[in-house]
Amino acid sequence: MTPDAQTLAWHCPGPAQQANVMRSRTEGALDQDRIWDDLMHRANQGDGAAFLQFLTQVTPRLRGLIRVRGRGLPPDLHEDILQEVLLAIHLKRGTWDGTGPVRFWLYAVARHKVVDAFRRRGRRLHLPLDDVAEMLAADPGPAPLAARDADRMLGMIDARSAALVRAVRLEGQSTEDAAARIGVTPGTARVVLHRAMKRLAELAERMK
Amino acid sequence: MTHRPSTEALIRSLAASPPPPPLTARGLAGPVVAALTISLGVFLWLIGLRANLGQALADPAILAKSLLPLALAVPALVLALRSARPGRVVRPGLLILPAAAALALFLARGVQVPSGQILPELLGHSAAACLLSITALSAPATLAGLIVLRRGASLRPARTGALIGMAAAAGTAAGYALHCTEDSPLFFTTWYGLAILIGTGIGALAGQRLLRW
């Protein structure tokens, strides 16, 4: 992995770069909305291939959501619940009228079915809509099967920060060595490390 | 592995299925209006319109008897449909306007007439028939709406049912007004209002059972 200017900029974002990062994230979400809306629109007009693509794209997100919320239940059950959600998406897709992004519709359906599925299995579940929105909007990555699973947690932050956390906090290298290895100054590395730890703490808190 | 098919297989079979029919405004309004037309049509044909209907409707106070419930029925129907679409926000603001107008009419009449006349006017002589007719005549429309909305995906079935019950009862009241000759706002805002509330409650109870998914 060779560091390049862009990824370094992501590591020590000044105000301007931060704005860039924010903008590219928003644009990414808009692109995704456009794609999903278009797929669902075509799907509802009978385009099976578009629906196949839509379901294939949303399934990893849904699976991650169910895993996070269903820790303690056997994984076999997770897949059952996922299938219930997918079935509901098919049966109820005629209720999306194209007024808003299909993502909102999807969140609402997924949340409803997941809560319902866990409730019917005799498990109380608190699932605020914001959590669902955040889970589904998050970059598709390895789903956090367990909050304690460090590798999976690190998969949820950007690769450079993860590498730094792994080197310094897990492998016990000095910050200076780790900084030199990825080609940033020790000061920058400390800032990145600090931010990454904060982000990880937030993630762990949310997954409780 | 269990008996369940793989998720990939499920996705493939779902993608190969024809899309379910879309839930549309026309698809909901059509059956509801048809049911209203039939039940009100039969009722008015059997029991008759009020005498000199055209002349009476020239009086804005009498026209309001039909227009106010209609002004409640239409947004209630719109909101019922919206509430069956996941992710859409349902704001009840549209329903407050006709309700507030009815309350204003009630109060205006209340200060207008001598106090001894308020109670007789309010009670009228056909309150029971009014309540019973509007409630009974709205049932087919409520049922028609609920059947259509079963294809919807309401996240709050009781609320969706309440809205469709309100739309049906208010629409029925608007038609019933063409028969009813009690024109005091004290009477019709009270009893039409109560009948609409009963219809709303019935819709909520039915929705809670019928609109789960």
# chains A, B, ... in the order shown; residues from 1 in each chain; ligands from 1
>>> closest_atom_pairs(of="segment 60-91 of chain A", to="segment 25-44 of chain A", cutoff="12 Å", atoms="only C-alpha atoms", output="tab-separated table")
residue	atom	partner	partner_atom	distance
A:Ile89	CA	A:Met40	CA	10.5
A:His90	CA	A:Asn44	CA	9.6
A:Leu91	CA	A:Asn44	CA	11.0
>>> interface_residues(of="chain B", to="chain A", cutoff="10 Å", atoms="only C-alpha atoms", output="count of residues only")
37
>>> select_by_dssp(residues="segment 2-178 of chain B", states="helix (DSSP H, G or I)", output="ChimeraX atom specification")
/B:7-16,25-47,53-57,60-83,93-112,115-123,127-149,157-176
>>> closest_residue(among="B:Ala195, B:Ala64, B:Val148, B:Ala170", to="Phe106 of chain B", atoms="only C-alpha atoms")
B:Ala64
>>> closest_residue(among="B:Leu137, B:Leu143, B:Leu122, B:Leu57", to="Val42 of chain B", atoms="only C-alpha atoms")
B:Leu137
